[in-house]
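This is model16.txt. It holds compact mmCIF, C-alpha atoms (C1' of nucleotides).
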```txt
# COMPACT_ATOMS: atom_id res chain seq x y z
CA MET A 1 0.00 0.00 0.00
CA THR A 2 1.41 3.36 -1.00
CA ASP A 3 1.85 6.35 1.25
CA ASP A 4 -0.80 8.25 -0.66
CA GLU A 5 -3.31 5.48 -0.15
CA LEU A 6 -2.56 5.43 3.57
CA ASP A 7 -3.07 9.20 3.63
CA LEU A 8 -6.51 8.73 2.15
CA VAL A 9 -7.52 5.82 4.38
CA PHE A 10 -6.31 7.28 7.67
CA GLY A 11 -7.54 10.71 6.63
CA ALA A 12 -10.97 9.24 5.97
CA LEU A 13 -10.95 7.47 9.33
CA ALA A 14 -9.98 10.66 11.15
CA ASP A 15 -13.55 12.00 11.04
CA PRO A 16 -16.18 10.74 13.50
CA THR A 17 -19.05 11.13 11.02
CA ARG A 18 -17.22 8.96 8.51
CA ARG A 19 -16.44 6.34 11.13
CA ALA A 20 -20.11 6.32 12.08
CA ILE A 21 -21.02 5.87 8.41
CA LEU A 22 -18.70 2.88 8.23
CA ALA A 23 -20.24 1.47 11.39
CA ARG A 24 -23.67 1.79 9.85
CA LEU A 25 -22.56 0.24 6.57
CA ALA A 26 -21.07 -2.72 8.42
CA GLN A 27 -24.67 -3.70 9.10
CA GLY A 28 -25.74 -3.40 5.49
CA ASP A 29 -25.80 -1.08 2.51
CA ALA A 30 -27.59 2.26 2.86
CA SER A 31 -28.80 5.12 0.71
CA VAL A 32 -27.56 8.69 1.03
CA ASN A 33 -30.92 9.77 2.40
CA GLU A 34 -30.91 7.10 5.07
CA LEU A 35 -27.42 8.06 6.14
CA THR A 36 -28.37 11.73 6.20
CA GLY A 37 -31.12 10.88 8.68
CA LEU A 38 -28.52 9.60 11.11
CA PHE A 39 -26.58 12.84 11.43
CA ALA A 40 -27.36 16.44 12.25
CA MET A 41 -26.10 17.71 8.95
CA SER A 42 -27.26 18.41 5.43
CA GLN A 43 -27.46 15.86 2.62
CA PRO A 44 -24.67 17.46 0.57
CA ALA A 45 -22.37 17.18 3.58
CA VAL A 46 -23.10 13.45 3.81
CA SER A 47 -22.56 13.08 0.07
CA ARG A 48 -19.15 14.61 0.44
CA HIS A 49 -18.23 12.32 3.30
CA LEU A 50 -19.22 9.41 1.10
CA LYS A 51 -17.03 10.76 -1.65
CA VAL A 52 -14.08 10.85 0.73
CA LEU A 53 -14.76 7.28 1.82
CA GLU A 54 -15.08 6.19 -1.79
CA ARG A 55 -11.81 7.87 -2.76
CA ALA A 56 -10.11 6.04 0.09
CA GLY A 57 -11.49 2.76 -1.22
CA LEU A 58 -13.43 2.18 1.98
CA VAL A 59 -16.81 2.33 0.28
CA SER A 60 -18.21 1.46 -3.13
CA ARG A 61 -21.46 2.67 -4.57
CA SER A 62 -24.15 1.37 -6.87
CA GLN A 63 -27.27 2.73 -8.45
CA GLN A 64 -30.36 1.03 -7.05
CA GLY A 65 -33.46 2.46 -8.65
CA THR A 66 -33.54 6.16 -7.95
CA MET A 67 -31.07 5.97 -5.12
CA ARG A 68 -27.40 5.10 -4.70
CA LEU A 69 -26.44 2.48 -2.19
CA SER A 70 -23.16 2.70 -0.34
CA HIS A 71 -21.35 -0.53 0.39
CA LEU A 72 -18.53 -1.10 2.85
CA GLU A 73 -15.36 -2.25 1.14
CA ALA A 74 -13.27 -4.01 3.72
CA GLY A 75 -10.13 -4.30 1.61
CA ALA A 76 -8.82 -0.84 2.39
CA LEU A 77 -9.52 -1.37 6.08
CA ARG A 78 -7.50 -4.54 5.92
CA GLU A 79 -4.58 -2.70 4.36
CA ALA A 80 -4.71 -0.12 7.12
CA THR A 81 -4.64 -2.82 9.78
CA ASP A 82 -1.79 -4.50 7.94
CA TRP A 83 0.18 -1.30 8.18
CA LEU A 84 -0.55 -1.03 11.89
CA ALA A 85 0.31 -4.70 12.36
CA ASP A 86 3.92 -3.90 11.49
CA TYR A 87 4.06 -2.16 14.86
CA ARG A 88 2.54 -5.08 16.71
CA ALA A 89 5.94 -6.74 16.80
CA TYR A 90 7.34 -3.63 18.38
CA TRP A 91 4.82 -3.24 21.13
CA GLU A 92 4.75 -6.91 21.94
CA ALA A 93 8.52 -6.75 22.32
CA SER A 94 7.98 -3.64 24.43
CA TYR A 95 5.61 -5.46 26.76
CA ALA A 96 7.96 -8.41 26.89
CA ARG A 97 10.73 -6.09 28.07
CA LEU A 98 8.38 -4.64 30.65
CA ASP A 99 7.52 -8.12 31.88
CA ALA A 100 11.21 -8.92 32.07
CA LEU A 101 11.80 -5.77 34.08
CA LEU A 102 8.99 -6.58 36.48
CA ALA A 103 10.25 -10.11 36.83
CA ASP A 104 13.64 -8.69 37.66
CA ILE A 105 12.15 -6.57 40.43
CA ASP A 106 9.80 -9.26 41.71
CA PRO A 107 11.01 -12.75 40.81
CA SER A 108 7.51 -14.19 41.38
CA GLY A 109 6.77 -12.84 37.94
CA PRO A 110 4.12 -10.49 36.53
CA PRO A 111 0.53 -11.05 37.65
CA ASP A 112 -2.00 -12.52 35.27
CA PRO A 113 -3.54 -9.46 33.58
CA SER A 114 -7.16 -10.52 34.12
CA MET B 115 -11.53 4.50 23.30
CA THR B 116 -13.50 7.67 22.80
CA ASP B 117 -14.34 9.25 19.50
CA ASP B 118 -12.10 12.20 20.29
CA GLU B 119 -9.16 9.93 20.94
CA LEU B 120 -9.76 8.12 17.65
CA ASP B 121 -9.85 11.51 15.92
CA LEU B 122 -6.43 12.29 17.34
CA VAL B 123 -4.90 8.89 16.56
CA PHE B 124 -6.20 8.54 13.01
CA GLY B 125 -5.55 12.20 12.38
CA ALA B 126 -1.97 11.73 13.50
CA LEU B 127 -1.59 8.68 11.27
CA ALA B 128 -2.98 10.55 8.27
CA ASP B 129 0.31 12.33 7.64
CA PRO B 130 3.22 10.56 5.90
CA THR B 131 5.87 12.43 7.86
CA ARG B 132 4.34 11.36 11.13
CA ARG B 133 4.07 7.75 9.96
CA ALA B 134 7.75 7.91 9.02
CA ILE B 135 8.57 9.28 12.45
CA LEU B 136 6.75 6.36 14.04
CA ALA B 137 8.62 3.96 11.79
CA ARG B 138 11.90 5.49 12.92
CA LEU B 139 10.93 5.39 16.58
CA ALA B 140 10.01 1.74 16.30
CA GLN B 141 13.74 1.16 16.00
CA GLY B 142 14.58 3.21 19.06
CA ASP B 143 14.16 6.61 20.68
CA ALA B 144 15.40 9.66 18.82
CA SER B 145 16.01 13.35 19.42
CA VAL B 146 14.25 16.14 17.58
CA ASN B 147 17.44 17.04 15.78
CA GLU B 148 17.99 13.50 14.60
CA LEU B 149 14.43 13.27 13.29
CA THR B 150 14.78 16.63 11.58
CA GLY B 151 17.73 15.24 9.64
CA LEU B 152 15.49 12.58 8.14
CA PHE B 153 13.06 14.96 6.46
CA ALA B 154 13.25 17.87 4.08
CA MET B 155 11.68 20.27 6.50
CA SER B 156 12.58 22.64 9.29
CA GLN B 157 13.07 21.72 12.92
CA PRO B 158 9.96 23.59 14.12
CA ALA B 159 7.88 21.58 11.65
CA VAL B 160 9.21 18.34 13.12
CA SER B 161 8.59 19.61 16.63
CA ARG B 162 4.98 20.22 15.75
CA HIS B 163 4.58 16.77 14.26
CA LEU B 164 5.93 15.36 17.49
CA LYS B 165 3.46 17.44 19.42
CA VAL B 166 0.61 15.97 17.36
CA LEU B 167 1.90 12.46 17.96
CA GLU B 168 2.25 13.14 21.67
CA ARG B 169 -1.28 14.52 21.91
CA ALA B 170 -2.54 11.38 20.22
CA GLY B 171 -0.73 9.30 22.79
CA LEU B 172 1.43 7.68 20.12
CA VAL B 173 4.66 9.13 21.44
CA SER B 174 6.02 10.10 24.85
CA ARG B 175 8.96 12.34 25.50
CA SER B 176 11.70 12.68 28.05
CA GLN B 177 14.47 15.08 28.74
CA GLN B 178 17.86 13.48 28.18
CA GLY B 179 20.62 15.94 28.90
CA THR B 180 20.12 18.89 26.62
CA MET B 181 17.85 17.08 24.24
CA ARG B 182 14.38 15.54 24.34
CA LEU B 183 13.99 11.94 23.30
CA SER B 184 10.81 10.75 21.62
CA HIS B 185 9.59 7.28 22.49
CA LEU B 186 7.01 5.23 20.62
CA GLU B 187 3.98 4.46 22.78
CA ALA B 188 2.31 1.43 21.30
CA GLY B 189 -0.81 1.58 23.42
CA ALA B 190 -2.63 4.08 21.23
CA LEU B 191 -1.69 2.10 18.14
CA ARG B 192 -3.19 -0.96 19.74
CA GLU B 193 -6.42 0.88 20.43
CA ALA B 194 -6.60 1.98 16.81
CA THR B 195 -6.13 -1.58 15.61
CA ASP B 196 -8.74 -2.72 18.09
CA TRP B 197 -11.19 -0.30 16.56
CA LEU B 198 -10.37 -1.57 13.08
CA ALA B 199 -10.64 -5.14 14.29
CA ASP B 200 -14.33 -4.62 14.88
CA TYR B 201 -14.64 -4.54 11.12
CA ARG B 202 -12.65 -7.70 10.65
CA ALA B 203 -15.72 -9.71 11.59
CA TYR B 204 -17.60 -7.90 8.86
CA TRP B 205 -15.16 -8.45 6.08
CA GLU B 206 -14.53 -12.05 7.04
CA ALA B 207 -18.28 -12.60 6.90
CA SER B 208 -18.20 -10.81 3.57
CA TYR B 209 -15.58 -13.16 2.22
CA ALA B 210 -17.47 -16.11 3.66
CA ARG B 211 -20.55 -15.03 1.72
CA LEU B 212 -18.43 -14.74 -1.40
CA ASP B 213 -17.10 -18.23 -0.83
CA ALA B 214 -20.65 -19.49 -0.37
CA LEU B 215 -21.65 -17.83 -3.61
CA LEU B 216 -18.74 -19.37 -5.48
CA ALA B 217 -19.54 -22.76 -3.96
CA ASP B 218 -23.08 -22.35 -5.17
CA ILE B 219 -21.87 -21.74 -8.70
CA ASP B 220 -19.18 -24.40 -8.58
CA PRO B 221 -19.97 -27.10 -5.97
CA SER B 222 -16.34 -28.23 -5.95
CA GLY B 223 -15.83 -25.30 -3.63
CA PRO B 224 -13.51 -22.31 -3.67
CA PRO B 225 -9.85 -22.87 -4.49
CA ASP B 226 -7.28 -22.68 -1.75
CA PRO B 227 -6.21 -19.01 -1.82
CA SER B 228 -2.48 -19.72 -1.78
C1' DC C 229 28.06 34.55 34.03
C1' DT C 230 28.36 33.58 29.23
C1' DA C 231 28.33 30.93 25.19
C1' DT C 232 26.50 27.07 22.78
C1' DT C 233 23.35 23.65 21.54
C1' DG C 234 18.76 21.72 21.33
C1' DT C 235 14.00 22.60 21.29
C1' DA C 236 9.74 25.29 21.55
C1' DT C 237 6.89 29.28 20.51
C1' DA C 238 5.12 33.24 17.71
C1' DA C 239 3.56 35.22 13.58
C1' DC C 240 2.42 34.50 9.12
C1' DG C 241 0.83 32.54 4.29
C1' DT C 242 -1.55 29.11 1.86
C1' DG C 243 -4.18 25.28 0.82
C1' DA C 244 -7.32 21.73 2.62
C1' DT C 245 -11.47 20.52 5.31
C1' DG C 246 -16.17 20.61 6.80
C1' DG C 247 -20.17 22.87 7.05
C1' DT C 248 -23.92 25.75 4.76
C1' DT C 249 -27.61 27.05 0.88
C1' DC C 250 -29.06 26.97 -3.65
C1' DT C 251 -29.43 24.69 -7.91
C1' DA C 252 -28.78 21.14 -11.40
C1' DG C 253 -28.95 16.35 -12.94
C1' DA C 254 -30.67 11.49 -13.04
C1' DG C 255 -34.11 8.03 -12.47
C1' DT C 256 -39.06 6.61 -11.75
C1' DG C 257 -44.15 7.08 -12.12
C1' DC C 258 -48.09 9.06 -14.20
C1' DG D 259 -43.70 15.25 -21.54
C1' DC D 260 -44.16 16.41 -16.54
C1' DA D 261 -43.83 15.99 -11.77
C1' DC D 262 -41.44 14.03 -8.02
C1' DT D 263 -37.61 12.02 -5.37
C1' DC D 264 -32.82 11.22 -4.62
C1' DT D 265 -28.27 12.71 -5.16
C1' DA D 266 -24.46 15.66 -6.77
C1' DG D 267 -22.30 20.03 -7.78
C1' DA D 268 -21.28 25.10 -7.25
C1' DA D 269 -20.35 28.95 -4.52
C1' DC D 270 -19.34 30.57 -0.27
C1' DC D 271 -17.49 30.90 4.60
C1' DA D 272 -14.97 29.68 8.87
C1' DT D 273 -11.62 26.96 10.69
C1' DC D 274 -7.78 23.99 10.74
C1' DA D 275 -3.45 21.88 8.99
C1' DC D 276 1.21 22.29 7.52
C1' DG D 277 4.92 24.71 6.16
C1' DT D 278 8.00 28.82 6.61
C1' DT D 279 11.33 32.33 9.32
C1' DA D 280 12.58 34.66 13.33
C1' DT D 281 12.98 34.50 18.13
C1' DA D 282 12.73 32.93 22.91
C1' DC D 283 13.54 29.43 26.28
C1' DA D 284 16.21 25.46 28.61
C1' DA D 285 20.10 22.84 29.71
C1' DT D 286 24.95 21.98 29.65
C1' DA D 287 29.92 23.54 29.11
C1' DG D 288 33.57 26.55 29.99
```
Go through the file and emit its structure as structure tokens.
Amino acid sequence: MTDDELDLVFGALADPTRRAILARLAQGDASVNELTGLFAMSQPAVSRHLKVLERAGLVSRSQQGTMRLSHLEAGALREATDWLADYRAYWEASYARLDALLADIDPSGPPDPS
Amino acid sequence: MTDDELDLVFGALADPTRRAILARLAQGDASVNELTGLFAMSQPAVSRHLKVLERAGLVSRSQQGTMRLSHLEAGALREATDWLADYRAYWEASYARLDALLADIDPSGPPDPS
DNA sequence: CTATTGTATAACGTGATGGTTCTAGAGTGC
DNA sequence: GCACTCTAGAACCATCACGTTATACAATAG
């Protein structure tokens, strides 16, 4: 995934309205009008949020009669998580070092994090 | 994780310079001057990027002699991936439906995606 | 105390973002 | 064709984001 694509995906995710749209779409496709009903904002504003999501590859759209349905496209989300996953190794190592440090202080070992 | 926190984290990740800073910090702490050397931009610009990362909880900082070291804080990254993971269920279900559809067309079942 | 180095802050310009209202276009029903 | 509904686009405005340069602050060295 290119840097520009990550810009678009993370940029799209940086807005609460757009995250809420994604949350709604995870439960099924929706029309622009239906989405507009969920937020305290005008229909053109929602249309523009959808455009941002579409440009980021997070959403695809299809004509369905007189309305356009938005559909969640999980591929871009997966790529974003893949990027983040590269840091998983780091933070797991980080926690491992912390555990080692705690074990060094208290040889009974770290408590079960329940 | 609150919506505001997600705004800050995804907003911070939406910039390529900041992602590059995180990538650098994953390999160890670094001073502002050292980070400035990595990018074609002024030191104040880098300082502000670090401030954004700190506000998002992605980076912590400590005084080390005359310089301030930036340290990757993986916790916020984990929370971002946790948020994204909520969609994993969706897209896996989505792929499962696709598999079912393909199986319906060709009862020999979907090929091993290797 | 003074000089030096590292970092932060201030002031500014410019382009992007997110909202609005008004209007145009596209698709369906009569 | 005509009316109606749904959606998109244009024009505008306020605010924010990201960069700059110049300057102030903080910590160490001499």
Distance in Å - CA of Ala30 in chain A versus CA of Ser60 in chain A: 11.2 Å
Gap from CA of Arg88 in chain A to CA of Asp3 in chain A - Å, one decimal: 19.2 Å
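Remark: for chain A, the closest of the candidate residues B:Leu172, B:His163, B:Gln177, B:Arg182 is B:Leu172 (distances computed over only C-alpha atoms).
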Which protein, DNA or RNA residues have an atom at most 10 Å from (-22.1, 17.4, 0.8), counting all atoms listed in the file? List them as a PDB file with C-alpha atoms (C1' of nucleotides), in the coordinates of the input.
```pdb
ATOM      1  CA  MET A  41     -26.100  17.710   8.950  1.00  0.00           C
ATOM      2  CA  SER A  42     -27.260  18.410   5.430  1.00  0.00           C
ATOM      3  CA  GLN A  43     -27.460  15.860   2.620  1.00  0.00           C
ATOM      4  CA  PRO A  44     -24.670  17.460   0.570  1.00  0.00           C
ATOM      5  CA  ALA A  45     -22.370  17.180   3.580  1.00  0.00           C
ATOM      6  CA  VAL A  46     -23.100  13.450   3.810  1.00  0.00           C
ATOM      7  CA  SER A  47     -22.560  13.080   0.070  1.00  0.00           C
ATOM      8  CA  ARG A  48     -19.150  14.610   0.440  1.00  0.00           C
ATOM      9  CA  HIS A  49     -18.230  12.320   3.300  1.00  0.00           C
ATOM     10  CA  LEU A  50     -19.220   9.410   1.100  1.00  0.00           C
ATOM     11  CA  LYS A  51     -17.030  10.760  -1.650  1.00  0.00           C
TER      12      LYS A  51
ATOM     13  C1'  DG C 246     -16.170  20.610   6.800  1.00  0.00           C
ATOM     14  C1'  DG C 247     -20.170  22.870   7.050  1.00  0.00           C
ATOM     15  C1'  DT C 248     -23.920  25.750   4.760  1.00  0.00           C
TER      16       DT C 248
ATOM     17  C1'  DT D 265     -28.270  12.710  -5.160  1.00  0.00           C
ATOM     18  C1'  DA D 266     -24.460  15.660  -6.770  1.00  0.00           C
ATOM     19  C1'  DG D 267     -22.300  20.030  -7.780  1.00  0.00           C
TER      20       DG D 267
END
```
Report the closest atom pair, with its distance in Å rounded to one decimal, for each residue of chain C that has an atom no farther than 9 Å from chain B; count all atoms listed in the file, sort by chain and then rising residue number, and write it as JSON lines.
```
{"residue": "C:DT233", "atom": "C1'", "partner": "B:Thr180", "partner_atom": "CA", "distance": 7.7}
{"residue": "C:DG234", "atom": "C1'", "partner": "B:Met181", "partner_atom": "CA", "distance": 5.6}
{"residue": "C:DT235", "atom": "C1'", "partner": "B:Met181", "partner_atom": "CA", "distance": 7.3}
{"residue": "C:DA236", "atom": "C1'", "partner": "B:Ser161", "partner_atom": "CA", "distance": 7.6}
```
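Each of B:Ala203, B:Ala154, B:Val166, B:Ala188 was compared to chain A using only C-alpha atoms, and B:Ala188 turns out to be the nearest.
Computed from the coordinates, the CA of Leu77 in chain A to CA of Tyr201 in chain B distance equals 7.9 Å.
Compared by their closest atoms to chain A, and using all atoms listed in the file, the residues B:Arg132, B:Met115, B:Ala170, B:Ala140 rank with B:Ala140 nearest.
Using all atoms listed in the file, the nearest neighbour of chain D within the list A:Leu69, A:Leu38, A:Leu84, A:Ala76 is A:Leu69.
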For the interface of chain A with chain B (cut-off 9 Å, counting all atoms listed in the file), please tabulate each contacting residue of chain A alongside its nearest pair of atoms and their separation in Å to one decimal, rows sorted by chain and increasing number, as JSON lines.
```
{"residue": "A:Asp3", "atom": "CA", "partner": "B:Pro130", "partner_atom": "CA", "distance": 6.4}
{"residue": "A:Asp4", "atom": "CA", "partner": "B:Pro130", "partner_atom": "CA", "distance": 8.0}
{"residue": "A:Leu6", "atom": "CA", "partner": "B:Ala128", "partner_atom": "CA", "distance": 7.0}
{"residue": "A:Asp7", "atom": "CA", "partner": "B:Ala128", "partner_atom": "CA", "distance": 4.8}
{"residue": "A:Leu8", "atom": "CA", "partner": "B:Ala128", "partner_atom": "CA", "distance": 7.3}
{"residue": "A:Val9", "atom": "CA", "partner": "B:Ala128", "partner_atom": "CA", "distance": 7.6}
{"residue": "A:Phe10", "atom": "CA", "partner": "B:Ala128", "partner_atom": "CA", "distance": 4.7}
{"residue": "A:Gly11", "atom": "CA", "partner": "B:Ala128", "partner_atom": "CA", "distance": 4.8}
{"residue": "A:Ala12", "atom": "CA", "partner": "B:Ala128", "partner_atom": "CA", "distance": 8.4}
{"residue": "A:Leu13", "atom": "CA", "partner": "B:Phe124", "partner_atom": "CA", "distance": 6.1}
{"residue": "A:Ala14", "atom": "CA", "partner": "B:Phe124", "partner_atom": "CA", "distance": 4.7}
{"residue": "A:Asp15", "atom": "CA", "partner": "B:Asp121", "partner_atom": "CA", "distance": 6.1}
{"residue": "A:Pro16", "atom": "CA", "partner": "B:Asp117", "partner_atom": "CA", "distance": 6.5}
{"residue": "A:Leu22", "atom": "CA", "partner": "B:Tyr201", "partner_atom": "CA", "distance": 8.9}
{"residue": "A:Ala23", "atom": "CA", "partner": "B:Tyr201", "partner_atom": "CA", "distance": 8.2}
{"residue": "A:Ala26", "atom": "CA", "partner": "B:Tyr204", "partner_atom": "CA", "distance": 6.3}
{"residue": "A:Gln27", "atom": "CA", "partner": "B:Tyr204", "partner_atom": "CA", "distance": 8.2}
{"residue": "A:Leu72", "atom": "CA", "partner": "B:Trp205", "partner_atom": "CA", "distance": 8.7}
{"residue": "A:Glu73", "atom": "CA", "partner": "B:Trp205", "partner_atom": "CA", "distance": 7.9}
{"residue": "A:Ala74", "atom": "CA", "partner": "B:Trp205", "partner_atom": "CA", "distance": 5.4}
{"residue": "A:Gly75", "atom": "CA", "partner": "B:Trp205", "partner_atom": "CA", "distance": 7.9}
{"residue": "A:Leu77", "atom": "CA", "partner": "B:Leu198", "partner_atom": "CA", "distance": 7.1}
{"residue": "A:Arg78", "atom": "CA", "partner": "B:Arg202", "partner_atom": "CA", "distance": 7.7}
{"residue": "A:Ala80", "atom": "CA", "partner": "B:Leu198", "partner_atom": "CA", "distance": 8.3}
{"residue": "A:Thr81", "atom": "CA", "partner": "B:Thr195", "partner_atom": "CA", "distance": 6.1}
{"residue": "A:Leu84", "atom": "CA", "partner": "B:Thr195", "partner_atom": "CA", "distance": 6.7}
{"residue": "A:Ala85", "atom": "CA", "partner": "B:Thr195", "partner_atom": "CA", "distance": 7.9}
{"residue": "A:Tyr87", "atom": "CA", "partner": "B:Ala140", "partner_atom": "CA", "distance": 7.3}
{"residue": "A:Arg88", "atom": "CA", "partner": "B:Arg192", "partner_atom": "CA", "distance": 7.7}
{"residue": "A:Tyr90", "atom": "CA", "partner": "B:Ala140", "partner_atom": "CA", "distance": 6.3}
{"residue": "A:Trp91", "atom": "CA", "partner": "B:Ala188", "partner_atom": "CA", "distance": 5.3}
{"residue": "A:Glu92", "atom": "CA", "partner": "B:Ala188", "partner_atom": "CA", "distance": 8.7}
{"residue": "A:Ser94", "atom": "CA", "partner": "B:Ala188", "partner_atom": "CA", "distance": 8.2}
```
Option closest in space to chain D, from B:Thr116, B:Gln178, B:Glu193, B:His185 [counting only C-alpha atoms (C1' of nucleotides)]: B:Gln178
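Comparing the minimum interatomic distances between chain A and each of D:DT263, D:DT273, D:DT281, D:DT286, counting all atoms listed in the file, we find that D:DT263 sits nearest.
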Chain D residues near chain B (8 Å cut-off, all atoms listed in the file) as a VMD selection string: chain D and resid 276 to 277 284 to 286
Would you mind putting back all heavy atoms on range 148-156 of chain B, then writing it out as a PDB file, keeping the file's coordinate frame?
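Just written: out-v1.pdb:
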```pdb
ATOM      1  N   GLU B 148      17.774  14.684  15.424  1.00  0.00           N
ATOM      2  CA  GLU B 148      17.990  13.500  14.600  1.00  0.00           C
ATOM      3  C   GLU B 148      16.818  13.286  13.645  1.00  0.00           C
ATOM      4  O   GLU B 148      17.013  12.992  12.463  1.00  0.00           O
ATOM      5  CB  GLU B 148      18.162  12.276  15.505  1.00  0.00           C
ATOM      6  CG  GLU B 148      18.435  10.994  14.738  1.00  0.00           C
ATOM      7  CD  GLU B 148      18.591   9.811  15.683  1.00  0.00           C
ATOM      8  OE1 GLU B 148      18.681  10.029  16.914  1.00  0.00           O
ATOM      9  OE2 GLU B 148      18.610   8.669  15.182  1.00  0.00           O
ATOM     10  N   LEU B 149      15.617  13.444  14.141  1.00  0.00           N
ATOM     11  CA  LEU B 149      14.430  13.270  13.290  1.00  0.00           C
ATOM     12  C   LEU B 149      14.392  14.344  12.208  1.00  0.00           C
ATOM     13  O   LEU B 149      14.036  14.061  11.053  1.00  0.00           O
ATOM     14  CB  LEU B 149      13.165  13.335  14.146  1.00  0.00           C
ATOM     15  CG  LEU B 149      12.981  12.155  15.108  1.00  0.00           C
ATOM     16  CD1 LEU B 149      11.817  12.413  16.051  1.00  0.00           C
ATOM     17  CD2 LEU B 149      12.772  10.860  14.330  1.00  0.00           C
ATOM     18  N   THR B 150      14.786  15.559  12.565  1.00  0.00           N
ATOM     19  CA  THR B 150      14.780  16.630  11.580  1.00  0.00           C
ATOM     20  C   THR B 150      15.692  16.280  10.401  1.00  0.00           C
ATOM     21  O   THR B 150      15.373  16.576   9.251  1.00  0.00           O
ATOM     22  CB  THR B 150      15.227  17.955  12.221  1.00  0.00           C
ATOM     23  OG1 THR B 150      14.324  18.303  13.272  1.00  0.00           O
ATOM     24  CG2 THR B 150      15.265  19.068  11.198  1.00  0.00           C
ATOM     25  N   GLY B 151      16.811  15.618  10.705  1.00  0.00           N
ATOM     26  CA  GLY B 151      17.730  15.240   9.640  1.00  0.00           C
ATOM     27  C   GLY B 151      17.132  14.270   8.630  1.00  0.00           C
ATOM     28  O   GLY B 151      17.623  14.161   7.506  1.00  0.00           O
ATOM     29  N   LEU B 152      16.079  13.583   9.026  1.00  0.00           N
ATOM     30  CA  LEU B 152      15.490  12.580   8.140  1.00  0.00           C
ATOM     31  C   LEU B 152      14.542  13.171   7.109  1.00  0.00           C
ATOM     32  O   LEU B 152      14.186  12.517   6.129  1.00  0.00           O
ATOM     33  CB  LEU B 152      14.735  11.531   8.966  1.00  0.00           C
ATOM     34  CG  LEU B 152      15.562  10.742   9.971  1.00  0.00           C
ATOM     35  CD1 LEU B 152      14.665   9.805  10.755  1.00  0.00           C
ATOM     36  CD2 LEU B 152      16.654   9.958   9.251  1.00  0.00           C
ATOM     37  N   PHE B 153      14.104  14.394   7.315  1.00  0.00           N
ATOM     38  CA  PHE B 153      13.060  14.960   6.460  1.00  0.00           C
ATOM     39  C   PHE B 153      13.486  16.292   5.884  1.00  0.00           C
ATOM     40  O   PHE B 153      14.294  16.999   6.478  1.00  0.00           O
ATOM     41  CB  PHE B 153      11.760  15.126   7.257  1.00  0.00           C
ATOM     42  CG  PHE B 153      11.316  13.861   7.932  1.00  0.00           C
ATOM     43  CD1 PHE B 153      11.524  13.679   9.289  1.00  0.00           C
ATOM     44  CD2 PHE B 153      10.723  12.843   7.204  1.00  0.00           C
ATOM     45  CE1 PHE B 153      11.132  12.503   9.909  1.00  0.00           C
ATOM     46  CE2 PHE B 153      10.333  11.668   7.812  1.00  0.00           C
ATOM     47  CZ  PHE B 153      10.528  11.489   9.175  1.00  0.00           C
ATOM     48  N   ALA B 154      12.947  16.604   4.728  1.00  0.00           N
ATOM     49  CA  ALA B 154      13.250  17.870   4.080  1.00  0.00           C
ATOM     50  C   ALA B 154      12.338  18.950   4.623  1.00  0.00           C
ATOM     51  O   ALA B 154      11.508  19.507   3.910  1.00  0.00           O
ATOM     52  CB  ALA B 154      13.088  17.730   2.558  1.00  0.00           C
ATOM     53  N   MET B 155      12.503  19.220   5.899  1.00  0.00           N
ATOM     54  CA  MET B 155      11.680  20.270   6.500  1.00  0.00           C
ATOM     55  C   MET B 155      12.383  20.806   7.734  1.00  0.00           C
ATOM     56  O   MET B 155      13.359  20.222   8.218  1.00  0.00           O
ATOM     57  CB  MET B 155      10.276  19.728   6.805  1.00  0.00           C
ATOM     58  CG  MET B 155      10.094  19.049   8.122  1.00  0.00           C
ATOM     59  SD  MET B 155       8.422  18.384   8.332  1.00  0.00           S
ATOM     60  CE  MET B 155       8.107  17.524   6.798  1.00  0.00           C
ATOM     61  N   SER B 156      11.898  21.944   8.190  1.00  0.00           N
ATOM     62  CA  SER B 156      12.580  22.640   9.290  1.00  0.00           C
ATOM     63  C   SER B 156      12.351  21.940  10.621  1.00  0.00           C
ATOM     64  O   SER B 156      11.452  21.112  10.767  1.00  0.00           O
ATOM     65  CB  SER B 156      12.050  24.073   9.363  1.00  0.00           C
ATOM     66  OG  SER B 156      10.681  24.051   9.693  1.00  0.00           O
TER      67      SER B 156
END
```
